[in-house]
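Structure file input.txt; described as compact mmCIF, C-alpha atoms.
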```
# COMPACT_ATOMS: atom_id res chain seq x y z
CA MET A 1 310.89 -106.12 98.29
CA LYS A 2 307.50 -107.33 97.20
CA ASP A 3 307.42 -107.90 93.49
CA LYS A 4 303.96 -109.42 93.08
CA LYS A 5 300.58 -107.93 93.72
CA ILE A 6 297.21 -109.60 93.50
CA VAL A 7 294.13 -107.46 93.05
CA TRP A 8 290.81 -109.02 93.91
CA PHE A 9 287.58 -108.07 92.14
CA SER A 10 289.32 -105.40 90.05
CA ALA A 11 286.45 -105.27 87.55
CA PHE A 12 284.03 -104.55 90.38
CA ARG A 13 286.20 -101.78 91.79
CA HIS A 14 286.44 -99.98 88.46
CA VAL A 15 283.24 -100.88 86.68
CA VAL A 16 283.34 -98.23 83.94
CA PRO A 17 285.66 -99.44 81.13
CA ALA A 18 287.40 -96.05 80.89
CA ASP A 19 288.13 -96.15 84.64
CA TYR A 20 289.48 -99.67 84.38
CA GLU A 21 291.78 -98.61 81.53
CA ASN A 22 292.99 -95.60 83.50
CA TRP A 23 293.63 -97.71 86.55
CA LEU A 24 295.75 -100.18 84.52
CA GLU A 25 297.61 -97.22 83.05
CA LYS A 26 298.32 -95.82 86.50
CA MET A 27 299.55 -99.22 87.72
CA ALA A 28 301.86 -99.55 84.67
CA ALA A 29 303.23 -96.04 85.30
CA GLU A 30 304.13 -97.18 88.81
CA GLY A 31 305.86 -100.24 87.37
CA TRP A 32 303.07 -102.74 88.07
CA GLN A 33 302.66 -104.79 84.90
CA THR A 34 299.96 -107.33 84.18
CA GLY A 35 300.65 -110.49 82.28
CA ARG A 36 297.89 -111.94 80.16
CA PHE A 37 294.25 -111.36 80.89
CA ARG A 38 292.26 -114.51 81.56
CA GLN A 39 288.73 -115.61 82.08
CA TRP A 40 288.88 -114.87 85.82
CA SER A 41 290.99 -111.71 85.76
CA SER A 42 287.95 -109.68 86.81
CA ILE A 43 288.11 -111.50 90.14
CA TYR A 44 291.81 -112.23 90.46
CA LEU A 45 294.45 -110.19 88.65
CA THR A 46 298.20 -110.48 89.17
CA PHE A 47 300.74 -107.72 88.66
CA THR A 48 304.51 -108.06 88.73
CA LYS A 49 306.88 -105.25 89.56
CA GLY A 50 308.95 -104.08 86.62
CA GLU A 51 309.93 -100.94 84.77
CA PRO A 52 307.46 -98.04 84.87
CA LYS A 53 305.84 -97.79 81.43
CA LYS A 54 303.57 -95.33 79.76
CA TYR A 55 300.88 -97.55 78.30
CA ARG A 56 297.45 -96.81 76.96
CA PHE A 57 295.13 -99.74 77.71
CA VAL A 58 291.94 -100.62 75.85
CA TYR A 59 289.01 -102.62 77.16
CA ASP A 60 286.92 -103.92 74.28
CA PRO A 61 284.05 -106.38 74.81
CA GLN A 62 283.58 -108.55 71.70
CA VAL A 63 281.60 -111.75 72.18
CA SER A 64 282.50 -113.29 68.83
CA PRO A 65 285.10 -111.17 67.05
CA ARG A 66 285.60 -111.67 63.32
CA LYS A 67 288.75 -113.16 61.89
CA ASP A 68 290.30 -109.77 61.19
CA TYR A 69 289.77 -108.43 64.72
CA VAL A 70 293.24 -109.12 66.07
CA THR A 71 294.99 -108.22 62.80
CA THR A 72 293.23 -104.87 62.62
CA TYR A 73 294.28 -103.86 66.13
CA GLU A 74 297.81 -105.17 65.63
CA GLN A 75 298.23 -103.18 62.44
CA PHE A 76 297.36 -100.05 64.36
CA GLY A 77 300.18 -100.91 66.77
CA TRP A 78 298.22 -102.47 69.64
CA GLU A 79 299.56 -105.41 71.61
CA TYR A 80 297.07 -108.12 72.54
CA LEU A 81 296.83 -109.00 76.22
CA GLY A 82 294.10 -111.62 76.17
CA ARG A 83 290.49 -111.70 77.25
CA MET A 84 288.64 -111.50 80.53
CA ALA A 85 285.27 -113.16 79.85
CA SER A 86 284.15 -111.36 76.67
CA ALA A 87 286.36 -108.29 77.22
CA HIS A 88 289.52 -108.16 75.12
CA PHE A 89 292.51 -106.16 76.36
CA TRP A 90 295.05 -104.20 74.36
CA ARG A 91 297.89 -101.90 75.17
CA MET A 92 300.22 -99.52 73.35
CA GLU A 93 303.25 -97.67 74.63
CA TYR A 94 303.18 -93.95 73.91
CA SER A 95 305.05 -90.79 74.70
CA ASN A 96 303.13 -87.73 73.53
CA LYS A 97 299.60 -88.08 72.25
CA ARG A 98 297.60 -90.78 74.04
CA PRO A 99 296.38 -93.23 71.39
CA GLU A 100 292.65 -94.02 71.19
CA ALA A 101 291.04 -97.19 69.85
CA PHE A 102 287.63 -95.54 69.82
CA SER A 103 287.91 -92.26 68.03
CA ASP A 104 284.34 -90.98 68.17
CA THR A 105 281.54 -90.78 70.72
CA THR A 106 279.40 -93.28 68.82
CA SER A 107 281.97 -96.03 69.12
CA ILE A 108 282.66 -95.24 72.78
CA VAL A 109 278.93 -95.49 73.54
CA GLN A 110 278.74 -98.76 71.59
CA ARG A 111 281.69 -100.19 73.48
CA ASN A 112 280.02 -99.28 76.77
CA ARG A 113 276.70 -100.76 75.66
CA ARG A 114 278.46 -104.01 74.76
CA THR A 115 279.80 -103.98 78.32
CA ILE A 116 276.25 -103.55 79.65
CA SER A 117 274.97 -106.48 77.59
CA ALA A 118 277.83 -108.66 78.81
CA VAL A 119 276.91 -107.85 82.42
CA SER A 120 273.21 -108.34 81.71
CA VAL A 121 273.83 -111.99 80.78
CA GLY A 122 275.02 -112.67 84.34
CA PHE A 123 272.21 -110.53 85.72
CA PHE A 124 269.52 -112.59 83.98
CA ILE A 125 271.13 -115.90 84.90
CA PHE A 126 271.05 -114.89 88.57
CA ILE A 127 267.44 -113.74 88.29
CA ALA A 128 266.57 -117.13 86.79
CA LEU A 129 268.37 -118.84 89.70
CA GLU A 130 266.45 -116.66 92.15
CA ILE A 131 263.16 -117.79 90.63
CA LEU A 132 264.30 -121.40 90.70
CA TYR A 133 265.13 -121.13 94.41
CA ALA A 134 261.78 -119.52 95.17
CA VAL A 135 259.98 -122.32 93.31
CA LEU A 136 262.00 -125.04 95.06
CA LEU A 137 261.33 -123.52 98.45
CA THR A 138 257.60 -123.31 97.75
CA VAL A 139 257.11 -126.72 96.14
CA PHE A 140 259.18 -128.69 98.63
CA ARG A 141 258.49 -126.63 101.71
CA ASP A 142 256.90 -129.54 103.60
CA SER A 143 259.44 -132.20 102.68
CA LEU A 144 262.54 -130.10 103.42
CA SER A 145 264.36 -130.49 106.68
CA ALA A 146 265.11 -127.32 108.60
CA SER A 147 268.79 -127.44 107.64
CA ASP A 148 268.01 -127.96 103.92
CA ARG A 149 265.71 -124.99 104.05
CA THR A 150 268.37 -122.86 105.72
CA GLN A 151 270.90 -123.84 103.06
CA LEU A 152 268.51 -122.97 100.25
CA ILE A 153 267.73 -119.63 101.86
CA ILE A 154 271.41 -118.80 102.28
CA ALA A 155 272.15 -119.71 98.65
CA GLY A 156 269.15 -117.69 97.53
CA ALA A 157 270.32 -114.69 99.54
CA PHE A 158 273.77 -115.00 98.02
CA PHE A 159 272.38 -114.96 94.47
CA PHE A 160 270.14 -112.08 95.44
CA ILE A 161 273.15 -110.01 96.50
CA LEU A 162 274.97 -110.90 93.26
CA THR A 163 271.91 -109.94 91.21
CA MET A 164 271.65 -106.59 92.99
CA THR A 165 275.38 -105.95 92.51
CA LEU A 166 275.19 -106.64 88.79
CA GLY A 167 272.06 -104.50 88.55
CA ALA A 168 273.92 -101.63 90.24
CA VAL A 169 276.88 -102.13 87.89
CA MET A 170 274.56 -101.87 84.90
CA LEU A 171 273.10 -98.61 86.21
CA VAL A 172 276.55 -97.09 86.74
CA LEU A 173 277.59 -98.17 83.22
CA ARG A 174 274.43 -96.69 81.77
CA LYS A 175 275.08 -93.35 83.49
CA ASN A 176 278.65 -93.26 82.20
CA GLU A 177 278.09 -94.60 78.72
CA LYS A 178 279.58 -91.55 76.99
CA ARG A 179 283.11 -91.89 78.32
CA MET B 1 271.35 -106.75 53.02
CA MET B 2 269.34 -103.61 53.61
CA SER B 3 267.06 -101.82 51.21
CA LEU B 4 267.98 -98.29 50.18
CA GLU B 5 265.17 -97.00 52.39
CA GLN B 6 266.45 -98.83 55.49
CA ALA B 7 270.01 -97.72 54.79
CA ARG B 8 268.85 -94.10 54.51
CA ARG B 9 267.16 -94.32 57.87
CA ARG B 10 270.19 -95.86 59.51
CA TYR B 11 272.98 -93.86 57.91
CA LEU B 12 271.64 -90.41 57.00
CA PRO B 13 272.74 -87.92 58.17
CA MET B 14 276.09 -89.63 58.41
CA SER B 15 278.77 -89.32 61.07
CA GLU B 16 282.16 -88.05 59.90
CA THR B 17 283.61 -91.47 60.71
CA MET B 18 281.16 -93.32 58.47
CA PHE B 19 281.47 -90.72 55.71
CA TYR B 20 285.23 -90.97 55.54
CA ILE B 21 285.30 -94.75 55.79
CA LEU B 22 282.81 -95.09 52.92
CA LEU B 23 284.67 -92.48 50.91
CA SER B 24 287.98 -94.31 51.42
CA LEU B 25 286.41 -97.52 50.16
CA LYS B 26 285.78 -96.17 46.67
CA GLN B 27 289.12 -97.92 46.32
CA GLU B 28 289.81 -101.26 48.00
CA ARG B 29 291.55 -100.87 51.32
CA HIS B 30 292.01 -102.64 54.63
CA GLY B 31 291.35 -101.15 58.06
CA TYR B 32 294.75 -99.62 58.61
CA GLY B 33 294.85 -98.29 55.05
CA ILE B 34 291.53 -96.51 55.70
CA MET B 35 292.95 -94.81 58.78
CA GLN B 36 296.01 -93.60 56.87
CA HIS B 37 293.91 -92.34 53.98
CA VAL B 38 291.53 -90.43 56.26
CA LYS B 39 294.43 -88.94 58.19
CA GLU B 40 295.85 -87.65 54.94
CA LEU B 41 292.53 -86.31 53.65
CA THR B 42 291.86 -84.37 56.85
CA ASP B 43 295.39 -83.14 57.57
CA ALA B 44 295.52 -85.43 60.63
CA ARG B 45 292.37 -83.85 62.13
CA ILE B 46 290.66 -87.25 62.13
CA ILE B 47 292.71 -90.20 63.31
CA LEU B 48 290.43 -93.22 63.33
CA GLY B 49 290.98 -95.74 66.09
CA ALA B 50 291.34 -99.49 65.55
CA GLY B 51 288.15 -100.30 67.47
CA THR B 52 286.16 -97.66 65.61
CA VAL B 53 287.37 -98.88 62.21
CA TYR B 54 286.79 -102.53 63.10
CA SER B 55 283.24 -102.06 64.34
CA SER B 56 282.28 -99.64 61.55
CA LEU B 57 283.50 -102.09 58.89
CA GLY B 58 281.48 -104.87 60.52
CA LYS B 59 278.35 -102.79 60.54
CA LEU B 60 278.78 -101.49 56.98
CA GLU B 61 279.50 -104.98 55.69
CA SER B 62 276.52 -106.65 57.34
CA ASP B 63 274.27 -103.86 56.06
CA GLY B 64 275.63 -104.34 52.54
CA LEU B 65 277.19 -100.88 52.06
CA ILE B 66 280.63 -102.41 51.61
CA GLU B 67 281.91 -105.89 50.82
CA ALA B 68 285.07 -107.86 51.44
CA VAL B 69 287.13 -108.40 48.30
CA LYS B 70 290.16 -110.35 49.42
CA GLU B 71 292.31 -111.38 52.33
CA GLU B 72 296.08 -111.09 52.52
CA ASP B 73 298.05 -112.03 55.64
CA ARG B 74 294.77 -112.09 57.57
CA ARG B 75 294.11 -108.49 56.55
CA LYS B 76 290.72 -108.08 54.98
CA PHE B 77 290.26 -105.65 52.09
CA TYR B 78 286.90 -104.01 51.48
CA ILE B 79 285.25 -102.00 48.73
CA ILE B 80 282.07 -99.93 48.55
CA THR B 81 278.96 -101.55 46.99
CA PRO B 82 276.34 -99.87 44.75
CA LEU B 83 274.15 -99.43 47.86
CA GLY B 84 277.06 -97.78 49.67
CA ARG B 85 277.67 -95.47 46.71
CA GLY B 86 274.00 -94.51 46.66
CA ILE B 87 274.05 -93.59 50.34
CA LEU B 88 277.36 -91.76 50.04
CA ARG B 89 275.97 -89.77 47.13
CA GLU B 90 272.89 -88.73 49.08
CA GLU B 91 275.10 -87.65 51.97
CA ALA B 92 277.26 -85.64 49.57
CA LEU B 93 274.14 -83.88 48.28
CA ARG B 94 273.12 -83.08 51.86
CA ILE B 95 276.58 -81.70 52.64
CA THR B 96 276.50 -79.62 49.47
CA GLU B 97 273.25 -78.10 50.62
CA LEU B 98 274.76 -77.37 54.04
CA HIS B 99 277.71 -75.81 52.31
CA ARG B 100 275.48 -73.63 50.14
CA ASN B 101 273.43 -72.52 53.11
CA SER B 102 276.44 -71.70 55.23
CA GLU B 103 277.96 -69.33 52.72
CA GLY B 104 278.38 -65.89 54.18
CA LEU B 105 279.01 -67.25 57.66
CA LEU B 106 282.76 -67.23 57.24
```
Could you take the file, read its structure, and then write that structure out as structure tokens?
Amino acid sequence: MKDKKIVWFSAFRHVVPADYENWLEKMAAEGWQTGRFRQWSSIYLTFTKGEPKKYRFVYDPQVSPRKDYVTTYEQFGWEYLGRMASAHFWRMEYSNKRPEAFSDTTSIVQRNRRTISAVSVGFFIFIALEILYAVLLTVFRDSLSASDRTQLIIAGAFFFILTMTLGAVMLVLRKNEKR
Amino acid sequence: MMSLEQARRRYLPMSETMFYILLSLKQERHGYGIMQHVKELTDARIILGAGTVYSSLGKLESDGLIEAVKEEDRRKFYIITPLGRGILREEALRITELHRNSEGLL
């Protein structure tokens, strides 16, 4: 029996935080449990097969949380799972009422906007790289060998696709910022 | 810290969450204590979440409506400031007016 599962690009498959939380919850209900969240969990996330659990997960982007961040959540009964880039993960086992970390629309919208700003950092870095590639190609166009030029164009195209993807992610987040 | 005018623009009218958090901090409390107090005051109608409490406290503190008083076991206790009281009072006046004008509806 397979007792390990690796999910690639999970954060790109479920871009809306609420969807990501629900997906983790569904996995846990089927017995697929995640260990700690790490920097690269958005790309590569491991689950191990265990007991089915009814967990409520929380996805909370906080770039520089204050000292009382972890204590506050823990006092409310949340268990810390680590962070994936700037997104912190929490879970709580429940039986009847599903616990919420964000109890009003304002804080849900704020959480989702923090997600958008986190994504926008990557977006602008890739745009800057795009510009850099365009400049390099223009300035050195006569001194570049054909193969150098091809390499630069391929890299540029790759960053272009990433930029577009992140742009699309931001639009989806924007449309779903109330949930 | 904000001026009274800026705070009015940002906080009035106030969300229920902000109102109850400010009200709870007439006495010093930490995040979890606020949640329990609000739950009691509203007969469990409002159960504040950890993320909501954490981010509201951060916002209220940086705007000067509340301040941290002490830290015990990494739990931070806050209390309302004169600016916070002023804003809470104005909100109470607004709610009183609403109350007066909604008489006869029930």
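Across the structure, atom CA of B:Thr52 and atom CA of A:Phe124 are spaced 28.9 Å apart.
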Residues of chain B at most 7 Å from chain A: nearest atom pair and distance in Å, all atoms listed in the file, as a tab-separated table:
```
residue	atom	partner	partner_atom	distance
B:Gly31	CA	A:Thr72	CA	6.2
B:Tyr32	CA	A:Gln75	CA	6.3
B:Leu48	CA	A:Ser103	CA	5.4
B:Gly49	CA	A:Ala101	CA	4.0
B:Ala50	CA	A:Ala101	CA	4.9
B:Gly51	CA	A:Ala101	CA	4.9
B:Thr52	CA	A:Phe102	CA	4.9
B:Tyr54	CA	A:Tyr69	CA	6.8
B:Arg74	CA	A:Asp68	CA	6.2
B:Arg75	CA	A:Asp68	CA	6.1
B:Lys76	CA	A:Asp68	CA	6.4
```
Please check which residues have atoms at most 12 Å from (274.4, -117.4, 92.3) in the file's coordinates, counting all atoms listed in the file, and write them as an mmCIF file with C-alpha atoms, keeping the file's coordinate frame.
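Okay, this is what ended up in point.cif:
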```cif
data_model
loop_
_atom_site.group_PDB
_atom_site.id
_atom_site.type_symbol
_atom_site.label_atom_id
_atom_site.label_comp_id
_atom_site.auth_asym_id
_atom_site.auth_seq_id
_atom_site.Cartn_x
_atom_site.Cartn_y
_atom_site.Cartn_z
ATOM 1 C CA GLY A 122 275.020 -112.670 84.340
ATOM 2 C CA PHE A 123 272.210 -110.530 85.720
ATOM 3 C CA PHE A 124 269.520 -112.590 83.980
ATOM 4 C CA ILE A 125 271.130 -115.900 84.900
ATOM 5 C CA PHE A 126 271.050 -114.890 88.570
ATOM 6 C CA ILE A 127 267.440 -113.740 88.290
ATOM 7 C CA ALA A 128 266.570 -117.130 86.790
ATOM 8 C CA LEU A 129 268.370 -118.840 89.700
ATOM 9 C CA GLU A 130 266.450 -116.660 92.150
ATOM 10 C CA ILE A 131 263.160 -117.790 90.630
ATOM 11 C CA LEU A 132 264.300 -121.400 90.700
ATOM 12 C CA TYR A 133 265.130 -121.130 94.410
ATOM 13 C CA LEU A 152 268.510 -122.970 100.250
ATOM 14 C CA ILE A 153 267.730 -119.630 101.860
ATOM 15 C CA ILE A 154 271.410 -118.800 102.280
ATOM 16 C CA ALA A 155 272.150 -119.710 98.650
ATOM 17 C CA GLY A 156 269.150 -117.690 97.530
ATOM 18 C CA ALA A 157 270.320 -114.690 99.540
ATOM 19 C CA PHE A 158 273.770 -115.000 98.020
ATOM 20 C CA PHE A 159 272.380 -114.960 94.470
ATOM 21 C CA PHE A 160 270.140 -112.080 95.440
ATOM 22 C CA ILE A 161 273.150 -110.010 96.500
ATOM 23 C CA LEU A 162 274.970 -110.900 93.260
ATOM 24 C CA THR A 163 271.910 -109.940 91.210
ATOM 25 C CA MET A 164 271.650 -106.590 92.990
ATOM 26 C CA THR A 165 275.380 -105.950 92.510
ATOM 27 C CA LEU A 166 275.190 -106.640 88.790
#
```
Dump as a ChimeraX atom specification all residues having an atom at most 10 Å from (309.8, -98.1, 83.6), computed in the file's coordinates with all atoms listed in the file. /A:28-33,49-54
For B:Arg10, the nearest of the candidates B:Arg45, B:Arg94, B:Lys59, B:His99, counting all atoms listed in the file: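 Between B:Arg45, B:Arg94, B:Lys59, B:His99, the residue approaching B:Arg10 most closely is B:Lys59.
Distance annotation: of B:His37, B:Arg8, B:Met2, B:His30, the residue with the minimal separation from B:Glu72 is B:His30; atom set is all atoms listed in the file.
For the pair atom CA of B:Met1 and atom CA of B:Leu60, the interatomic distance is 9.9 Å.
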Would you kindly return, as an MDAnalysis selection string, each protein, DNA or RNA residue with an atom no farther than 9 Å from any atom of B:Leu57, considering all atoms listed in the file and excluding same-chain residues fewer than 6 positions away? chainID B and resid 21 31 66 78
Which one is closest to A:Ser64: A:Ser86, A:Ser95, A:Thr48, A:Asn22? Count all atoms listed in the file. A:Ser86
Neighbour list for A:Glu25 as a PyMOL selection string, cut-off 7 Å, all atoms listed in the file, skip fewer than 5 positions in-chain: chain A and resi 55-57
